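First up is the structure itself, then whatever we jot down about it.
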Amino acid sequence: MNKKRILIGGGALLVLILLLTCFFVLNNRIVNLTEEVILRNSTLSDELSVNSVNYDLMKQNLMLLNQDSNELRDLMKLSERQYPELDKANNPESESGESEVDYNILFFKAVDRILLNKQNEEKMILFGRFIRNEAFVSLLGDRNLKVDINASGLDAGISGKEGVDFTLHYNDENDFSIQSVLGRTEEVSSTGSIIRFIDANRTVIDEQRRVWLEAAKSLRDLDEDKGIVNLVESRVAEWSAVSENSSTISRSLSTNNGSLLASINFVKRENHWVLSGGISPDGQNFDYGDKGYSDLLKGLIPIIEAYDPREPGDIAEEVSRNRVMNLRQDTGFKAYLAKTGSSLGEKFREDHYYFYLDILSSEATVTGSIAVQKHTGEIYLMDQDDVVITSLKTLGRSEGMVIQRTLSIPEDYLGLSPIVFGEDDIAFVLIGANEANTDTMMVVHLNELTGKGTIVTIPRDLYYKGRKINSIYPTFGPSELLKTLSDITGLPVKRYMFIDMFAFADVVDILGGIDIVLDEPLIDPSYRIKENGQWSTLHYEAGPLHLGGVESLRVARSRHSSSDFGRAERQQMILMALKNRMGELNATDAGKLVELANSLMSYVRTDFSVIELLNLFSRYRSAPFSQHVLSWDNVLYNTYSNLYLLEEGTEVDENFNRGAWILLPVNNDWEVIKWFIRKVISEDGNE
């Protein structure tokens, strides 16, 4: 025993030494990188001075161009146009406060919890004595049954040859609940009443088990039905193995890309089949018996026959092309076009990504088009240069972008109290980068009191003080980014963690992959991937996925089939899956911990010390995190940078350079973002 303890202690000490070595190396690297940042900030200061001079020259030139433009407008008998100043005012900072803990109430609750724990311990002892009683065990043995206490300590399973037939629950002394596998429940008070309940239900349970075995055989017999076998093969589909649990016997039919085509379930307690999938997503019921099984097959065959084995995106593409082309036959749509002096083209034209049906002016010039995205079937509105205006699905949400928000913003949000930031709370930004490009920014708020966290993704196209926010870190460094995020969010964002995307992939692989669930299919025709020597389109079906490092990176970076907001939500989902996976590690995973440390040293820059990172990981490894994205669904709207600089109501012609696509707070009021941050933190119980 002593030798075993020495070996265990020695192993633990070795793991600790390895970890500390890696962490001290990492800390040294952080110090060096901090010195590099200070040096770069000095260089950037000189660069900013030069840029300031250039900015003034540009402003003077724009004023001269404005003057020349107005002279020309005067010659053309047009009214003079005034352009706004380029500078915008700073935002006032929000105040932070401290929240207090009412320890008095917690101490009262602590007493109740201790007493409850003691009461449960006493119940477990009494229940253990009861089920180990020789007379009780003997009576069960006479019936070929045995009893095993469950992990809760207050439940026990009574099992026969085929599995658990009854569950016994201890309520109090001489007070039990017993439930059969068929769901029948009764309150019992003694060994005799328990045995009587068992005897009264054994025959019914045995008969039901016979029915269940026949049902399972029926599902296996699908492999011997030549008609079904040939039909399944023609659709490139495959049956799963027969699966059985306490409530159902089931089997599913899936397509070659893993999509569920049909699901057959036999509900044990109700003795009927449930068929769902394909043409009957809500399910069809068939009572058990020869006729019922025959009807089951009749319902199954149309589901299989209706399945088209082509890729879902290709099917959707054909449907959308037909839908768009049918507009040419729609008399009402043609009348509306005629009213606007427009008409539709005769046929589609195409490029690598889209099929376009042009909308023509009365002079037969292209004013725009309705475009069908290849391999997805998504429909987009394009301008005359084939640049996306918006998708058909989101038309009405964006203006050219008029937005219908799902969040109601109160009129008095300016008068609401500021964010309460506890003394030990932490706010930092997690920066994800692809080489030198800032790809993702997530502001993380950790509440020491509640042990909860809130994540808010700041979109990279947010336009603040004349520049997109993703340009701040590579241009000015972390200190300016932290100051800017504090101004925007109202949180004192004091720390940062910069992670290269390649480290992200390495960490996932070291951990053996992560598990996520996609709510809808992810198809990106602009994202070509090479697997097994073949190039194909990035495509993941909706549902649970186990992802390696490369796959995680693909899911996190794809955006062609969705907005940047959808990508931000997937990135948060992957981050939480990664946190949960790391939270499962323990001292026996020393090898993985060393690999993680080496990977992080190569790809991570941060102003957290090693000890601080270890403490944060220890405190929040199992903490719940709520996830949010600043978007046009809540407090943002989108426009173009040059349009934003114009006075409201100014008209521009088709040749006007709109500038870059940007995001701004509603009413151009930055205080609304602080209100939103305050709202989500308080609703999460994280304040």
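For the structure tokens, the naming scheme is as follows: chains receive sequential letters (A, B, ...) according to their order of presentation, residues are indexed from 1 within each chain, and ligands are indexed from 1 in presentation order.
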
Could you name the residues that touch A:Ala135 at 12 Å or less, counting only C-alpha atoms, but leaving out those on the same chain fewer than 5 positions away, as a PyMOL selection string? chain A and resi 129-130+140-142+190-192+195

Backbone-only DSSP, strand (DSSP E) members of stretch 121-334 of chain A, as number ranges by chain: A: 146-149, 155-160, 163-172, 175-180, 185-188, 237-239, 243-244, 248-255, 260-267, 272-277, 280-287

Pick from A:Thr390, A:Ser602, A:Thr489, A:Ser408: nearest to A:Val456, with only C-alpha atoms counted? A:Thr489

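For A:Asp500, the residues within 9 Å (counting only C-alpha atoms, excluding itself and residues fewer than 4 positions away along the chain) are Ile431, Gly432, Ala433, Asn434, Glu435, Ala436, Phe504, Tyr603, Val604 and Arg605 of chain A.
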
Can you tell me how far atom CA of A:Glu350 sits from atom CA of A:Arg310, in Å to one decimal? 21.2 Å

With distances taken over only C-alpha atoms, which of A:Ser320, A:Ser362, A:Asn230, A:Ser218 is nearest to A:Ser294? A:Ser218

Contacts of A:Asn437 at 9 Å (only C-alpha atoms; same-chain gap of 5+ positions) as a list in words: Gly432, Asn470, Ser471 and Pro474 of chain A

Separating atom CA of A:Asn133 from atom CA of A:Ile178, to the nearest tenth of an Å, is a gap of 17.4 Å

So which one's closest to A:Glu683, A:Val629, A:Gly453, A:Asp439, A:Leu485? Using only C-alpha atoms, please.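 Looking at the shortest contact to A:Glu683, the residue is A:Gly453.
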
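In terms of minimum interatomic distance to A:Met124, A:Asp155 ranks closest within A:Val147, A:Ile304, A:Asp155, A:Ser138, counting only C-alpha atoms.
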
Might you pull out every residue within 6 Å of A:Val366, with only C-alpha atoms counted and same-chain residues fewer than 4 positions away left off, and present them as a PyMOL selection string? chain A and resi 359-360+384

Report, in Å with one decimal, the straight-line distance from atom CA of A:Ala568 to atom CA of A:Pro665. 17.9 Å
